[in-house]
Amino acid sequence: MTTDFTQITLIVNALRISYVVFIVILLTWFSYDKLNWFDYEKSASGDNVVSFNGHPLCMSLAWIVLMSEGIVAWRYYEGNLGLSHGLAKSIHTSLQYSAVLIMSIGLAIIFKNHGDKNINHMYSAHSWMGMFVVGAMVFQILLATYAFLFTKYERFKMRVLVWHRYGGLVIYLGGIATICMGFQEKQGWISCSDGSNYCPEKIIPAVLTVNALLVAMLASAVFIHEEDPMSTVAVGEKITLLTNAVITT
């Protein structure tokens, strides 16, 4: 399949602009007095508590930025930028593992914050869905690592490949949805100084939610634009991309 360079490049550039804008808006939101940047918070006893804001920042960097770029890296780097398959695959893998690392830090921050402030853990749909997609993402990455790097059973790779491509996209979109739920939950805890529902601290989470949905739409467009029909021969060709070996079908 020959990819139109101009069309896919426009989509990729729009995706990158959208997640850079997202992070800028997120950091701007943290700068308001009610959000307190990354300053320590206070527990009921008056002790310093790690800032809650580290949690949305880490989860946004992991899902909005690194995983989105991981979708781009898989075939755009090789098919459109001329990188070798091995290098493109290494970048894709590195981005996903980096996302898991930062995601783990984000989870540690929120559990530490809630624990020190005596707030119950896992009390909302956001937290339940968050743990589900995190667990699914870790399973997805470990399974792919084993299948594509440590086993030579091509039929097993063929089966994993379908899950890795389509299951991975579903998990990614589930993570974006979870982030949107988190911003809406946080919005409900913020009150405007004038008693209204219209102040920057309360409106920006809604802007971030819309921006996150835009990122998800553009990342999905990159995935769909570069997708081949899943015929038997095409599956064999895709395994060749993953293994650097010629597979006959």
# chains A, B, ... in the order shown; residues from 1 in each chain; ligands from 1
call {"tool": "select_by_dssp", "arguments": {"residues": "segment 95-203 of chain A", "states": "alpha helix (DSSP H)", "output": "PyMOL selection string"}}
result
chain A and resi 95-116+125-145+154-162+168-189+200-203
call {"tool": "residues_around", "arguments": {"residues": "Ile23 of chain A", "least_positions_apart": "5", "cutoff": "10 Å", "atoms": "only C-alpha atoms", "output": "compact mmCIF listing (two decimals) with N, CA, C and O atoms, in the first residue's frame"}}
result
# COMPACT_ATOMS: atom_id res chain seq x y z
N SER A 18 -1.73 19.28 18.45
CA SER A 18 -2.83 19.16 19.41
C SER A 18 -2.35 18.67 20.76
O SER A 18 -2.82 19.14 21.80
N THR A 28 -0.80 25.64 32.18
CA THR A 28 -1.42 26.94 32.47
C THR A 28 -2.49 26.80 33.55
O THR A 28 -2.60 27.63 34.46
N TRP A 29 -3.26 25.74 33.47
CA TRP A 29 -4.31 25.46 34.46
C TRP A 29 -3.69 25.31 35.86
O TRP A 29 -4.20 25.83 36.84
N LEU A 57 -0.57 15.27 35.23
CA LEU A 57 0.54 15.56 34.33
C LEU A 57 1.17 14.27 33.82
O LEU A 57 1.38 14.12 32.61
N SER A 60 -1.21 12.33 31.52
CA SER A 60 -1.37 13.01 30.23
C SER A 60 -0.13 12.83 29.36
O SER A 60 -0.24 12.59 28.15
N LEU A 61 1.05 12.93 29.96
CA LEU A 61 2.28 12.71 29.19
C LEU A 61 2.32 11.29 28.64
O LEU A 61 2.72 11.05 27.50
N ILE A 64 -1.52 10.92 26.32
CA ILE A 64 -1.77 11.93 25.29
C ILE A 64 -0.56 12.11 24.38
O ILE A 64 -0.69 12.24 23.15
N VAL A 65 0.65 12.12 24.96
CA VAL A 65 1.85 12.41 24.18
C VAL A 65 2.55 11.13 23.73
O VAL A 65 2.66 10.85 22.52
N LEU A 208 -9.62 21.01 28.15
CA LEU A 208 -8.69 19.88 28.09
C LEU A 208 -9.39 18.60 27.65
O LEU A 208 -8.82 17.79 26.91
N ASN A 211 -9.84 18.84 23.96
CA ASN A 211 -8.53 18.69 23.33
C ASN A 211 -8.09 17.24 23.33
O ASN A 211 -7.54 16.73 22.34
call {"tool": "atom_distance", "arguments": {"atom1": "atom CA of Thr209 of chain A", "atom2": "atom CA of Ile109 of chain A"}}
result
21.5 Å
call {"tool": "closest_residue", "arguments": {"among": "A:Ile105, A:Thr6, A:Ile71, A:Val160", "to": "Pro56 of chain A", "atoms": "only C-alpha atoms"}}
result
A:Ile105
call {"tool": "closest_residue", "arguments": {"among": "A:Ser45, A:Asn113, A:Asn118, A:Ser68", "to": "Leu218 of chain A", "atoms": "only C-alpha atoms"}}
result
A:Ser68
call {"tool": "residues_around", "arguments": {"residues": "segment 89-91 of chain A", "least_positions_apart": "2", "cutoff": "8 Å", "atoms": "only C-alpha atoms", "output": "list of chain:residue names"}}
result
A:Gly70, A:Ala73, A:Trp74, A:His85, A:Gly86, A:Leu87, A:Thr93, A:Ser94, A:Leu95, A:Leu242
call {"tool": "closest_residue", "arguments": {"among": "A:Phe223, A:Phe111, A:Phe150, A:Tyr97", "to": "Gly54 of chain A", "atoms": "only C-alpha atoms"}}
result
A:Phe111
